[in-house]
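Asks: Next comes the structure file upload_16.tsv, holding TSV, C-alpha atoms and all ligand atoms.
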```
chain	number	residue	atom	x	y	z
A	1	MET	CA	-1.93	32.35	-31.50
A	2	ALA	CA	0.19	30.49	-34.02
A	3	ASP	CA	3.25	31.38	-31.95
A	4	THR	CA	1.89	30.24	-28.59
A	5	PRO	CA	4.10	27.37	-27.47
A	6	VAL	CA	2.49	23.98	-26.85
A	7	PRO	CA	4.15	22.33	-23.83
A	8	PHE	CA	4.88	18.62	-23.74
A	9	PHE	CA	2.75	18.37	-20.62
A	10	ARG	CA	0.65	20.56	-18.35
A	11	PRO	CA	-0.88	19.12	-15.15
A	12	SER	CA	-4.60	19.40	-14.38
A	13	ILE	CA	-4.83	20.75	-10.85
A	14	GLY	CA	-8.20	22.27	-9.96
A	15	GLU	CA	-9.70	24.11	-7.02
A	16	ALA	CA	-10.76	20.81	-5.44
A	17	GLU	CA	-7.12	19.69	-5.27
A	18	ILE	CA	-6.02	23.04	-3.81
A	19	GLN	CA	-8.80	22.90	-1.25
A	20	ALA	CA	-8.01	19.31	-0.24
A	21	VAL	CA	-4.33	20.10	0.31
A	22	SER	CA	-5.19	23.33	2.19
A	23	GLU	CA	-7.55	21.42	4.44
A	24	CYS	CA	-4.81	18.94	5.20
A	25	LEU	CA	-2.36	21.77	5.98
A	26	ARG	CA	-4.89	23.33	8.38
A	27	SER	CA	-5.69	19.99	10.03
A	28	GLY	CA	-2.44	19.76	11.96
A	29	TRP	CA	-1.64	16.27	10.57
A	30	LEU	CA	0.89	16.37	7.73
A	31	THR	CA	2.65	13.04	7.50
A	32	THR	CA	1.13	9.58	6.93
A	33	GLY	CA	-2.28	9.55	8.57
A	34	PRO	CA	-6.00	9.65	7.80
A	35	LYS	CA	-5.60	11.11	4.28
A	36	CYS	CA	-3.22	8.29	3.32
A	37	ARG	CA	-5.60	5.73	4.75
A	38	ASP	CA	-8.48	7.21	2.71
A	39	PHE	CA	-6.38	7.40	-0.46
A	40	GLU	CA	-5.30	3.77	-0.09
A	41	ALA	CA	-8.88	2.63	0.44
A	42	ALA	CA	-10.09	4.60	-2.60
A	43	PHE	CA	-7.23	3.25	-4.73
A	44	ALA	CA	-7.86	-0.36	-3.69
A	45	ALA	CA	-11.56	0.12	-4.51
A	46	HIS	CA	-10.63	1.59	-7.90
A	47	VAL	CA	-8.48	-1.44	-8.73
A	48	GLY	CA	-11.35	-3.59	-7.47
A	49	GLY	CA	-11.27	-6.89	-5.67
A	50	ASP	CA	-9.48	-7.90	-2.57
A	51	VAL	CA	-6.21	-5.98	-2.77
A	52	THR	CA	-4.03	-4.04	-0.37
A	53	ALA	CA	-2.84	-0.62	-1.59
A	54	LEU	CA	0.19	0.96	0.10
A	55	ALA	CA	0.87	4.65	-0.58
A	56	VAL	CA	4.55	5.45	-0.96
A	57	THR	CA	6.85	8.26	-2.12
A	58	SER	CA	7.27	7.04	-5.73
A	59	ALA	CA	6.77	4.15	-8.11
A	60	THR	CA	10.48	3.49	-7.68
A	61	ALA	CA	9.86	2.97	-3.96
A	62	ALA	CA	6.88	0.71	-4.73
A	63	LEU	CA	8.98	-1.39	-7.13
A	64	HIS	CA	11.78	-1.64	-4.56
A	65	LEU	CA	9.37	-2.70	-1.80
A	66	GLY	CA	7.69	-5.21	-4.10
A	67	LEU	CA	10.94	-6.93	-5.09
A	68	GLU	CA	12.19	-6.91	-1.50
A	69	ALA	CA	8.97	-8.50	-0.30
A	70	MET	CA	9.37	-11.19	-2.98
A	71	GLY	CA	12.70	-12.04	-1.39
A	72	VAL	CA	14.94	-10.87	-4.25
A	73	GLY	CA	18.58	-10.62	-3.22
A	74	PRO	CA	22.19	-11.16	-4.33
A	75	GLY	CA	22.55	-13.94	-6.90
A	76	ASP	CA	19.00	-13.60	-8.16
A	77	GLU	CA	18.00	-12.52	-11.66
A	78	VAL	CA	15.04	-10.36	-12.56
A	79	ILE	CA	13.76	-10.08	-16.14
A	80	VAL	CA	13.21	-6.50	-17.32
A	81	PRO	CA	12.38	-5.07	-20.76
A	82	THR	CA	15.22	-2.97	-22.15
A	83	LEU	CA	12.63	-0.41	-23.26
A	84	THR	CA	11.71	1.25	-19.96
A	85	PHE	CA	12.72	3.98	-17.55
A	86	THR	CA	15.85	3.18	-15.57
A	87	ALA	CA	13.86	2.90	-12.31
A	88	THR	CA	12.50	-0.50	-13.37
A	89	ALA	CA	16.03	-1.94	-13.46
A	90	GLU	CA	17.71	0.14	-10.75
A	91	VAL	CA	15.59	-1.34	-7.95
A	92	VAL	CA	16.95	-4.78	-8.90
A	93	ARG	CA	20.46	-3.46	-8.23
A	94	TYR	CA	19.34	-1.84	-4.93
A	95	LEU	CA	18.86	-5.42	-3.72
A	96	GLY	CA	22.14	-6.70	-5.16
A	97	ALA	CA	20.38	-8.79	-7.81
A	98	GLU	CA	20.93	-8.66	-11.58
A	99	PRO	CA	18.49	-7.33	-14.16
A	100	VAL	CA	18.36	-9.48	-17.30
A	101	PHE	CA	17.24	-7.34	-20.20
A	102	VAL	CA	14.97	-8.66	-22.94
A	103	ASP	CA	13.75	-7.17	-26.20
A	104	ILE	CA	10.29	-5.82	-26.97
A	105	GLU	CA	7.69	-6.96	-29.48
A	106	PRO	CA	7.84	-4.45	-32.35
A	107	ASP	CA	4.06	-4.33	-32.77
A	108	THR	CA	3.17	-3.75	-29.08
A	109	LEU	CA	6.37	-2.17	-27.69
A	110	CYS	CA	5.83	-4.41	-24.64
A	111	ILE	CA	8.11	-7.14	-23.31
A	112	CYS	CA	8.14	-10.18	-25.60
A	113	PRO	CA	6.91	-13.32	-23.77
A	114	ASP	CA	9.09	-15.56	-25.98
A	115	ALA	CA	12.16	-13.47	-25.17
A	116	VAL	CA	11.24	-13.72	-21.48
A	117	GLU	CA	11.05	-17.50	-21.70
A	118	ALA	CA	14.42	-17.66	-23.46
A	119	ALA	CA	16.00	-15.53	-20.71
A	120	ILE	CA	14.87	-17.71	-17.79
A	121	THR	CA	17.69	-19.43	-15.87
A	122	PRO	CA	17.76	-21.33	-12.55
A	123	ARG	CA	18.53	-17.95	-10.90
A	124	THR	CA	15.48	-16.14	-12.28
A	125	LYS	CA	13.09	-15.03	-9.57
A	126	VAL	CA	10.83	-12.27	-10.91
A	127	ILE	CA	9.51	-10.94	-14.23
A	128	MET	CA	8.87	-7.17	-14.40
A	129	PRO	CA	6.56	-6.33	-17.32
A	130	VAL	CA	6.11	-2.64	-18.19
A	131	HIS	CA	2.76	-1.67	-19.70
A	132	PHE	CA	4.46	0.55	-22.20
A	133	ALA	CA	2.81	3.92	-22.87
A	134	GLY	CA	-0.24	2.49	-21.10
A	135	ARG	CA	-0.77	-0.50	-23.40
A	136	MET	CA	-1.16	-3.66	-21.32
A	137	CYS	CA	1.35	-6.48	-21.76
A	138	ASP	CA	0.00	-9.94	-22.46
A	139	MET	CA	-0.48	-10.75	-18.78
A	140	THR	CA	-2.25	-14.03	-19.58
A	141	ALA	CA	0.83	-15.35	-21.39
A	142	LEU	CA	3.23	-13.96	-18.78
A	143	ARG	CA	1.26	-15.45	-15.87
A	144	ALA	CA	1.22	-18.87	-17.55
A	145	LEU	CA	4.97	-18.58	-18.13
A	146	ALA	CA	5.61	-17.53	-14.53
A	147	ASP	CA	3.52	-20.40	-13.17
A	148	ARG	CA	5.30	-22.91	-15.41
A	149	HIS	CA	8.69	-21.77	-14.07
A	150	GLY	CA	7.74	-20.91	-10.47
A	151	LEU	CA	8.38	-17.16	-10.86
A	152	ARG	CA	6.74	-14.06	-9.41
A	153	ILE	CA	5.51	-11.08	-11.46
A	154	LEU	CA	5.91	-7.45	-10.37
A	155	ASP	CA	4.43	-5.23	-13.04
A	156	ASP	CA	5.51	-1.62	-13.56
A	157	ALA	CA	2.21	0.17	-14.12
A	158	ALA	CA	3.72	3.67	-13.99
A	159	HIS	CA	2.07	4.35	-17.38
A	160	ALA	CA	-1.05	2.29	-16.91
A	161	LEU	CA	-3.81	3.94	-14.90
A	162	PRO	CA	-6.59	3.36	-15.72
A	163	ALA	CA	-6.06	0.25	-17.84
A	164	SER	CA	-7.22	-3.34	-17.86
A	165	HIS	CA	-6.48	-6.76	-19.33
A	166	GLN	CA	-9.39	-9.02	-20.35
A	167	GLY	CA	-11.79	-7.25	-18.02
A	168	MET	CA	-9.41	-7.26	-15.05
A	169	SER	CA	-8.01	-3.94	-13.85
A	170	VAL	CA	-4.27	-3.42	-13.83
A	171	GLY	CA	-3.27	-4.35	-10.28
A	172	ARG	CA	-5.30	-7.57	-10.33
A	173	CYS	CA	-4.73	-9.07	-13.77
A	174	GLY	CA	-2.06	-11.66	-13.14
A	175	ALA	CA	0.81	-9.97	-11.32
A	176	ASP	CA	1.77	-10.79	-7.72
A	177	ALA	CA	2.21	-7.08	-7.07
A	178	THR	CA	1.89	-3.87	-9.11
A	179	ALA	CA	3.58	-0.46	-8.84
A	180	PHE	CA	1.88	2.79	-9.88
A	181	SER	CA	3.42	6.27	-10.26
A	182	PHE	CA	1.93	9.63	-9.34
A	183	TYR	CA	4.89	11.64	-10.67
A	184	ALA	CA	3.90	15.09	-11.94
A	185	ASN	CA	3.39	14.08	-15.60
A	186	LYS	CA	1.76	10.69	-15.12
A	187	THR	CA	-1.96	10.05	-15.71
A	188	MET	CA	-2.75	11.32	-12.20
A	189	THR	CA	-0.39	13.00	-9.77
A	190	THR	CA	0.48	13.67	-6.16
A	191	GLY	CA	3.54	15.74	-7.20
A	192	GLU	CA	5.74	12.80	-6.31
A	193	GLY	CA	4.22	9.54	-5.17
A	194	GLY	CA	3.42	5.93	-5.90
A	195	MET	CA	1.32	2.97	-4.84
A	196	LEU	CA	2.09	-0.70	-4.36
A	197	VAL	CA	-0.94	-2.93	-4.91
A	198	THR	CA	-1.05	-6.62	-4.10
A	199	ALA	CA	-3.55	-9.36	-3.29
A	200	ASP	CA	-0.81	-11.42	-1.60
A	201	PRO	CA	-1.06	-10.99	2.19
A	202	ASP	CA	2.61	-11.86	2.73
A	203	ILE	CA	3.84	-9.27	0.23
A	204	ALA	CA	1.45	-6.71	1.75
A	205	ALA	CA	2.60	-7.39	5.31
A	206	ARG	CA	6.31	-7.25	4.46
A	207	ALA	CA	6.03	-4.11	2.28
A	208	ARG	CA	3.94	-2.33	4.93
A	209	ILE	CA	6.68	-2.87	7.50
A	210	MET	CA	9.58	-2.07	5.15
A	211	ARG	CA	7.85	1.12	3.97
A	212	LEU	CA	8.49	2.65	7.39
A	213	HIS	CA	11.87	1.69	8.86
A	214	GLY	CA	10.97	-1.94	9.48
A	215	ILE	CA	8.70	-0.84	12.34
A	216	ASP	CA	6.01	-3.38	13.09
A	217	ARG	CA	3.07	-0.96	12.77
A	218	ASP	CA	2.60	2.37	11.02
A	219	VAL	CA	2.70	5.88	12.42
A	220	PHE	CA	-1.03	6.34	12.13
A	221	ASN	CA	-1.65	3.52	14.57
A	222	ARG	CA	1.24	4.59	16.78
A	223	PHE	CA	-0.25	8.04	17.35
A	224	THR	CA	-3.96	7.38	17.20
A	225	ASP	CA	-4.55	3.88	18.47
A	226	THR	CA	-4.94	4.52	22.18
A	227	ARG	CA	-4.70	0.84	22.95
A	228	SER	CA	-1.17	0.60	21.60
A	229	SER	CA	1.72	1.80	23.67
A	230	ALA	CA	4.46	4.15	22.52
A	231	ILE	CA	6.84	1.22	22.51
A	232	TYR	CA	7.37	-0.37	19.12
A	233	ASP	CA	9.61	-3.03	17.70
A	234	VAL	CA	11.95	-2.92	14.70
A	235	VAL	CA	12.05	-6.19	12.80
A	236	ALA	CA	14.22	-5.27	9.77
A	237	PRO	CA	16.37	-2.43	8.40
A	238	GLY	CA	13.49	-0.85	6.50
A	239	TYR	CA	13.19	2.21	4.27
A	240	LYS	CA	11.58	5.65	4.54
A	241	TYR	CA	8.99	5.44	1.78
A	242	ASN	CA	5.73	6.53	3.46
A	243	MET	CA	3.56	9.12	1.67
A	244	THR	CA	2.62	12.45	3.28
A	245	ASP	CA	-1.02	13.28	3.98
A	246	MET	CA	-0.71	16.39	1.77
A	247	ALA	CA	0.19	14.18	-1.19
A	248	ALA	CA	-2.56	11.69	-0.34
A	249	ALA	CA	-5.18	14.46	-0.11
A	250	LEU	CA	-4.17	15.56	-3.62
A	251	GLY	CA	-4.18	11.95	-4.80
A	252	THR	CA	-7.70	11.22	-3.63
A	253	VAL	CA	-9.08	14.16	-5.63
A	254	GLN	CA	-7.02	13.22	-8.71
A	255	LEU	CA	-8.14	9.59	-8.49
A	256	GLY	CA	-11.74	10.79	-8.55
A	257	ARG	CA	-11.00	12.52	-11.87
A	258	VAL	CA	-8.97	9.71	-13.44
A	259	GLU	CA	-11.82	8.39	-15.63
A	260	ALA	CA	-12.54	11.91	-16.93
A	261	PHE	CA	-8.83	12.36	-17.64
A	262	HIS	CA	-8.89	9.05	-19.50
A	263	ALA	CA	-11.91	10.02	-21.61
A	264	ALA	CA	-10.17	13.27	-22.60
A	265	ARG	CA	-7.02	11.39	-23.58
A	266	ILE	CA	-8.98	8.93	-25.70
A	267	ARG	CA	-10.60	11.83	-27.57
A	268	LEU	CA	-7.18	13.37	-28.25
A	269	VAL	CA	-5.79	10.00	-29.40
A	270	GLU	CA	-8.67	9.51	-31.84
A	271	ARG	CA	-8.00	12.93	-33.34
A	272	TYR	CA	-4.27	12.29	-33.63
A	273	ASP	CA	-4.88	8.88	-35.21
A	274	SER	CA	-7.24	10.14	-37.87
A	275	ALA	CA	-5.23	13.31	-38.63
A	276	LEU	CA	-1.85	11.57	-38.87
A	277	ALA	CA	-2.87	8.41	-40.76
A	278	GLY	CA	-1.33	8.39	-44.21
A	279	LEU	CA	1.86	10.20	-43.15
A	280	PRO	CA	5.16	8.26	-43.22
A	281	VAL	CA	4.80	7.23	-39.58
A	282	ILE	CA	3.83	4.17	-37.59
A	283	LEU	CA	0.95	5.16	-35.31
A	284	PRO	CA	1.02	3.95	-31.68
A	285	PRO	CA	-0.16	0.39	-31.03
A	286	HIS	CA	-3.67	0.17	-29.61
A	287	ALA	CA	-4.81	-2.18	-26.86
A	288	ALA	CA	-5.22	-5.88	-27.61
A	289	LYS	CA	-8.81	-7.00	-28.08
A	290	GLY	CA	-10.51	-7.04	-24.65
A	291	ASP	CA	-7.91	-4.74	-23.04
A	292	VAL	CA	-8.08	-1.04	-22.13
A	293	HIS	CA	-5.15	1.30	-22.89
A	294	SER	CA	-4.53	4.20	-20.49
A	295	TRP	CA	-2.98	6.39	-23.24
A	296	HIS	CA	-0.31	7.90	-21.02
A	297	LEU	CA	1.90	8.51	-24.07
A	298	TYR	CA	1.25	9.05	-27.78
A	299	ILE	CA	4.35	7.82	-29.60
A	300	LEU	CA	5.00	8.03	-33.35
A	301	GLN	CA	7.71	6.08	-35.17
A	302	LEU	CA	9.07	7.74	-38.31
A	303	LYS	CA	9.26	5.41	-41.29
A	304	ASP	CA	12.35	5.21	-43.53
A	305	GLU	CA	10.59	7.23	-46.22
A	306	ALA	CA	9.97	10.17	-43.85
A	307	PRO	CA	11.69	13.31	-45.19
A	308	MET	CA	13.81	13.70	-42.05
A	309	ASP	CA	15.18	11.62	-39.22
A	310	ARG	CA	13.87	11.58	-35.67
A	311	ASP	CA	16.22	14.26	-34.35
A	312	GLY	CA	15.44	16.54	-37.29
A	313	PHE	CA	11.75	16.02	-36.64
A	314	ILE	CA	12.13	16.92	-32.94
A	315	GLN	CA	14.06	20.05	-33.95
A	316	GLY	CA	11.28	20.96	-36.38
A	317	LEU	CA	8.70	20.63	-33.60
A	318	LYS	CA	10.89	22.70	-31.28
A	319	ASP	CA	11.30	25.45	-33.91
A	320	ALA	CA	7.50	25.59	-34.08
A	321	GLY	CA	7.28	25.89	-30.29
A	322	ILE	CA	5.99	22.37	-29.70
A	323	GLY	CA	7.29	20.23	-26.88
A	324	SER	CA	8.05	16.56	-27.46
A	325	SER	CA	10.02	13.79	-25.80
A	326	VAL	CA	11.68	10.43	-26.39
A	327	HIS	CA	10.53	7.35	-24.43
A	328	TYR	CA	13.10	5.86	-24.10
A	329	ARG	CA	16.68	5.29	-25.06
A	330	PRO	CA	16.78	1.52	-24.30
A	331	LEU	CA	18.59	0.66	-21.09
A	332	HIS	CA	21.14	-1.60	-22.80
A	333	GLN	CA	22.45	1.52	-24.56
A	334	MET	CA	23.06	3.39	-21.28
A	335	SER	CA	26.59	3.65	-19.84
A	336	TYR	CA	25.77	1.90	-16.58
A	337	TRP	CA	23.56	-0.85	-17.97
A	338	SER	CA	25.47	-1.64	-21.19
A	339	SER	CA	28.13	-3.63	-19.35
A	340	ARG	CA	25.39	-5.85	-17.91
A	341	ALA	CA	23.93	-6.58	-21.38
A	342	THR	CA	27.07	-7.50	-23.31
A	343	GLY	CA	26.77	-10.05	-26.08
A	344	GLN	CA	23.02	-9.60	-26.34
A	345	ALA	CA	21.12	-8.09	-29.26
A	346	PHE	CA	17.94	-6.02	-28.94
A	347	PRO	CA	17.10	-5.32	-32.58
A	348	HIS	CA	13.48	-4.30	-31.99
A	349	ALA	CA	14.24	-1.82	-29.21
A	350	ASP	CA	17.17	-0.37	-31.21
A	351	ALA	CA	15.06	0.09	-34.34
A	352	TYR	CA	12.24	1.62	-32.32
A	353	PHE	CA	14.57	4.06	-30.54
A	354	ASN	CA	15.92	5.47	-33.82
A	355	ARG	CA	12.40	6.32	-34.98
A	356	CYS	CA	10.40	7.24	-31.88
A	357	VAL	CA	9.04	10.59	-30.76
A	358	THR	CA	6.37	11.29	-28.15
A	359	LEU	CA	3.85	14.04	-28.96
A	360	PRO	CA	2.11	16.19	-26.31
A	361	LEU	CA	-0.92	14.38	-24.84
A	362	PHE	CA	-2.50	15.64	-21.66
A	363	MET	CA	-5.99	16.12	-20.28
A	364	ALA	CA	-5.79	19.95	-20.31
A	365	MET	CA	-4.67	20.12	-23.96
A	366	THR	CA	-6.96	22.45	-25.91
A	367	ASP	CA	-8.32	21.78	-29.40
A	368	GLU	CA	-6.24	24.72	-30.66
A	369	GLU	CA	-3.10	23.25	-29.13
A	370	GLN	CA	-3.72	19.86	-30.68
A	371	ALA	CA	-4.54	21.45	-34.05
A	372	ARG	CA	-1.17	23.25	-33.94
A	373	VAL	CA	0.65	20.00	-33.23
A	374	ILE	CA	-1.18	18.19	-36.02
A	375	GLU	CA	-0.60	21.00	-38.53
A	376	THR	CA	3.12	21.08	-37.69
A	377	VAL	CA	3.56	17.29	-37.89
A	378	ARG	CA	1.80	17.25	-41.27
A	379	ARG	CA	3.92	20.12	-42.56
A	380	LEU	CA	7.18	18.49	-41.43
A	381	LEU	CA	6.35	15.04	-42.79
A	382	SER	CA	4.64	15.98	-46.06
A	383	ALA	CA	7.78	17.67	-47.40
A	401	LIG	C1	7.84	7.29	-14.16
A	401	LIG	C2	8.25	5.88	-14.25
A	401	LIG	C3	8.79	5.19	-13.16
A	401	LIG	C4	9.17	5.87	-11.89
A	401	LIG	O1	8.12	6.53	-11.28
A	401	LIG	P1	8.45	7.45	-10.02
A	401	LIG	O2	7.12	7.63	-9.37
A	401	LIG	O3	9.01	8.74	-10.56
A	401	LIG	O4	9.42	6.72	-9.17
A	401	LIG	C5	9.05	3.84	-13.27
A	401	LIG	N1	8.82	3.19	-14.43
A	401	LIG	C6	8.31	3.81	-15.51
A	401	LIG	C7	8.06	3.01	-16.75
A	401	LIG	C8	8.04	5.18	-15.47
A	401	LIG	O5	7.58	5.81	-16.55
```
Kindly present the structure from the file in structure tokens form.

Replies:
Amino acid sequence: MADTPVPFFRPSIGEAEIQAVSECLRSGWLTTGPKCRDFEAAFAAHVGGDVTALAVTSATAALHLGLEAMGVGPGDEVIVPTLTFTATAEVVRYLGAEPVFVDIEPDTLCICPDAVEAAITPRTKVIMPVHFAGRMCDMTALRALADRHGLRILDDAAHALPASHQGMSVGRCGADATAFSFYANKTMTTGEGGMLVTADPDIAARARIMRLHGIDRDVFNRFTDTRSSAIYDVVAPGYKYNMTDMAAALGTVQLGRVEAFHAARIRLVERYDSALAGLPVILPPHAAKGDVHSWHLYILQLKDEAPMDRDGFIQGLKDAGIGSSVHYRPLHQMSYWSSRATGQAFPHADAYFNRCVTLPLFMAMTDEEQARVIETVRRLLSA
């Protein structure tokens, strides 16, 4: 037992998911259709309030569609935290605009509102907060800032389902549009997939059209609405970002389990927190008062007095058969992005990166698996 490896992540796919996908396969309708429509309706209801949810192939696609619908183009600037996955920034370049990187707050690991304000220029169009690890950014402060400067907000909620800010669910807590990810290791999955959520009818209308080739109505209507003819119009050079019905069938079942997944994650986080307190580590930041954290990731930062550095610690975990990860090397350190961030300093993200390690945290993690992780972390750091 002591030698059984503990993976960094294992998905939770049950019989209900397998049955839902099988049913879709037997139905004869595979691409965007009734399962996508049901998934979108369930997702919008989960977010709550009057929002449109558009199922797409990834969060990257959702971010791209969101920025495009906000009219971002060449010459525009979009403010992005340097501590994120490259997808957040790459979609800015898809549209010929420039990402402007800003540092994080060391105590939340989220984008720093003061750094955002300092980075605003006459070219700035959009702010892209990332709810890092599932901890909500200060959306109240960011919304006030955006309103003061006439900017839009597209939040990257790839880590943040379910989560909320001051009683408002992510997706309707101050952003103009929000992107979710259903990648295999996110808090719920469709294998690959994403969702764009917005309460803005103009963003919804534009993204709906651009999601499918710039065609003025979607395939479901084209094939099932007997009143519409087979003749359609193309109003823009759109993209091919529509979700399959197989993925949506899987997503609807996973969404129904998302609160149970969340409860399991919270239990694991509480155990980690109490077992690892007192070691030479900084424990992950919790939600601000009144917010809910999704706990997508459990990230430790090794303190200076730890008996080894981050890479040595990761090797120690690996030698014990325990998976771990690093989220993330800041974008300004990456070959492609570094030339776009010259002359800027990101001391908080740099310091964080040198110390950070992400421990396994997933719904299907057993008590024995977590006990092995805890025992190994304690052994490595008590030396
Ligand atoms: C996973 C992730 C994405 C991209 O999600 P996909 O669905 O794989 O496109 C974007 N941003 C962040 C912060 C992520 O973690």

Asks: Can you pull out the residues contacting Cys24 (chain A)? Cut-off 12 Å, using all atoms listed in the file, and skip same-chain residues under 2 positions away; I want them as a VMD selection string.

Replies: chain A and resid 17 to 22 26 to 36 244 to 250

Asks: Would you mind listing what lies within 8 Å of His262 (chain A) as a ChimeraX atom specification, with only C-alpha atoms counted and same-chain residues fewer than 5 positions away left out?

Replies: /A:162,187,294-295,363

Asks: Of the candidates A:Ala69, A:Ala97, A:Ala184, A:Leu142, which one gets nearest to ligand LIG 401 (chain A) if we count all atoms listed in the file?

Replies: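 The closest residue to ligand LIG 401 (chain A) is A:Ala184.
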
Asks: Would you give me, as JSON lines, each residue of chain A having an atom within 9 Å of an atom of ligand LIG 401 (chain A), along with its shortest atom pair and that distance in Å to one decimal, using only C-alpha atoms and all ligand atoms and sorting by chain and residue number?

Replies:
```
{"residue": "A:Thr57", "atom": "CA", "partner": "A:LIG401", "partner_atom": "O2", "distance": 7.3}
{"residue": "A:Ser58", "atom": "CA", "partner": "A:LIG401", "partner_atom": "O2", "distance": 3.7}
{"residue": "A:Ala59", "atom": "CA", "partner": "A:LIG401", "partner_atom": "O2", "distance": 3.7}
{"residue": "A:Thr60", "atom": "CA", "partner": "A:LIG401", "partner_atom": "O4", "distance": 3.7}
{"residue": "A:Ala61", "atom": "CA", "partner": "A:LIG401", "partner_atom": "O4", "distance": 6.4}
{"residue": "A:Ala62", "atom": "CA", "partner": "A:LIG401", "partner_atom": "O4", "distance": 7.9}
{"residue": "A:Leu63", "atom": "CA", "partner": "A:LIG401", "partner_atom": "C5", "distance": 8.1}
{"residue": "A:Leu83", "atom": "CA", "partner": "A:LIG401", "partner_atom": "C7", "distance": 8.7}
{"residue": "A:Thr84", "atom": "CA", "partner": "A:LIG401", "partner_atom": "C7", "distance": 5.2}
{"residue": "A:Phe85", "atom": "CA", "partner": "A:LIG401", "partner_atom": "C7", "distance": 4.8}
{"residue": "A:Thr86", "atom": "CA", "partner": "A:LIG401", "partner_atom": "N1", "distance": 7.1}
{"residue": "A:Ala87", "atom": "CA", "partner": "A:LIG401", "partner_atom": "C5", "distance": 5.0}
{"residue": "A:Thr88", "atom": "CA", "partner": "A:LIG401", "partner_atom": "N1", "distance": 5.3}
{"residue": "A:Ala89", "atom": "CA", "partner": "A:LIG401", "partner_atom": "N1", "distance": 8.9}
{"residue": "A:Val130", "atom": "CA", "partner": "A:LIG401", "partner_atom": "C7", "distance": 6.1}
{"residue": "A:His131", "atom": "CA", "partner": "A:LIG401", "partner_atom": "C7", "distance": 7.7}
{"residue": "A:Phe132", "atom": "CA", "partner": "A:LIG401", "partner_atom": "C7", "distance": 7.0}
{"residue": "A:Ala133", "atom": "CA", "partner": "A:LIG401", "partner_atom": "C7", "distance": 8.1}
{"residue": "A:Asp156", "atom": "CA", "partner": "A:LIG401", "partner_atom": "N1", "distance": 5.9}
{"residue": "A:Ala157", "atom": "CA", "partner": "A:LIG401", "partner_atom": "C7", "distance": 7.0}
{"residue": "A:Ala158", "atom": "CA", "partner": "A:LIG401", "partner_atom": "C8", "distance": 4.8}
{"residue": "A:His159", "atom": "CA", "partner": "A:LIG401", "partner_atom": "O5", "distance": 5.8}
{"residue": "A:Ala179", "atom": "CA", "partner": "A:LIG401", "partner_atom": "C5", "distance": 8.2}
{"residue": "A:Phe180", "atom": "CA", "partner": "A:LIG401", "partner_atom": "O2", "distance": 7.2}
{"residue": "A:Ser181", "atom": "CA", "partner": "A:LIG401", "partner_atom": "O2", "distance": 4.0}
{"residue": "A:Phe182", "atom": "CA", "partner": "A:LIG401", "partner_atom": "O2", "distance": 5.6}
{"residue": "A:Tyr183", "atom": "CA", "partner": "A:LIG401", "partner_atom": "O2", "distance": 4.8}
{"residue": "A:Ala184", "atom": "CA", "partner": "A:LIG401", "partner_atom": "O3", "distance": 8.3}
{"residue": "A:Asn185", "atom": "CA", "partner": "A:LIG401", "partner_atom": "C1", "distance": 8.2}
{"residue": "A:Lys186", "atom": "CA", "partner": "A:LIG401", "partner_atom": "C1", "distance": 7.0}
{"residue": "A:Glu192", "atom": "CA", "partner": "A:LIG401", "partner_atom": "O2", "distance": 6.2}
{"residue": "A:Gly193", "atom": "CA", "partner": "A:LIG401", "partner_atom": "O2", "distance": 5.4}
{"residue": "A:Gly194", "atom": "CA", "partner": "A:LIG401", "partner_atom": "O2", "distance": 5.3}
{"residue": "A:Met195", "atom": "CA", "partner": "A:LIG401", "partner_atom": "O2", "distance": 8.7}
{"residue": "A:His327", "atom": "CA", "partner": "A:LIG401", "partner_atom": "O5", "distance": 8.6}
```

Asks: Can you tell me, as an NGL selection string, what residues are no more than 12 Å from Val326 (chain A) when counting all atoms listed in the file, ignoring any on the same chain fewer than 5 positions away?

Replies: :A and (8 or 83-85 or 133 or 297-301 or 310-311 or 313-314 or 352-360)

Asks: If we count all atoms listed in the file, what is near Met168 (chain A) at a cut-off of 10 Å, once residues fewer than 2 positions away on the same chain are taken out, given as a PyMOL selection string?

Replies: chain A and resi 47-49+163-166+170-174+290-292

Asks: Hey, can you spit out that residue selection with C-alpha atoms as a CSV table (one decimal), in the frame of the given file?

Replies:
```csv
chain,number,residue,atom,x,y,z
A,47,VAL,CA,-8.5,-1.4,-8.7
A,48,GLY,CA,-11.4,-3.6,-7.5
A,49,GLY,CA,-11.3,-6.9,-5.7
A,163,ALA,CA,-6.1,0.2,-17.8
A,164,SER,CA,-7.2,-3.3,-17.9
A,165,HIS,CA,-6.5,-6.8,-19.3
A,166,GLN,CA,-9.4,-9.0,-20.4
A,170,VAL,CA,-4.3,-3.4,-13.8
A,171,GLY,CA,-3.3,-4.4,-10.3
A,172,ARG,CA,-5.3,-7.6,-10.3
A,173,CYS,CA,-4.7,-9.1,-13.8
A,174,GLY,CA,-2.1,-11.7,-13.1
A,290,GLY,CA,-10.5,-7.0,-24.6
A,291,ASP,CA,-7.9,-4.7,-23.0
A,292,VAL,CA,-8.1,-1.0,-22.1
```

Asks: What is the CA of Ala351 (chain A) to CA of Pro280 (chain A) distance in Å?

Replies: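 These atoms are spaced 15.6 Å apart.
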
Asks: Around (22.6, -5.1, -18.3) in the file's frame, which residues reach within 12 Å when counting all atoms listed in the file? Return as number ranges by chain?

Replies: A: 77-82, 86, 89-90, 92-93, 97-102, 330-346

Asks: Quick one: what's the axis-aligned box for region 118-121 of chain A, all listed atoms, 4 Å on every side, centre and edges in Å to one decimal, as AutoDock Vina command-line options?

Replies:
```
--center_x 16.1 --center_y -17.5 --center_z -19.7 --size_x 11.3 --size_y 11.9 --size_z 15.6
```
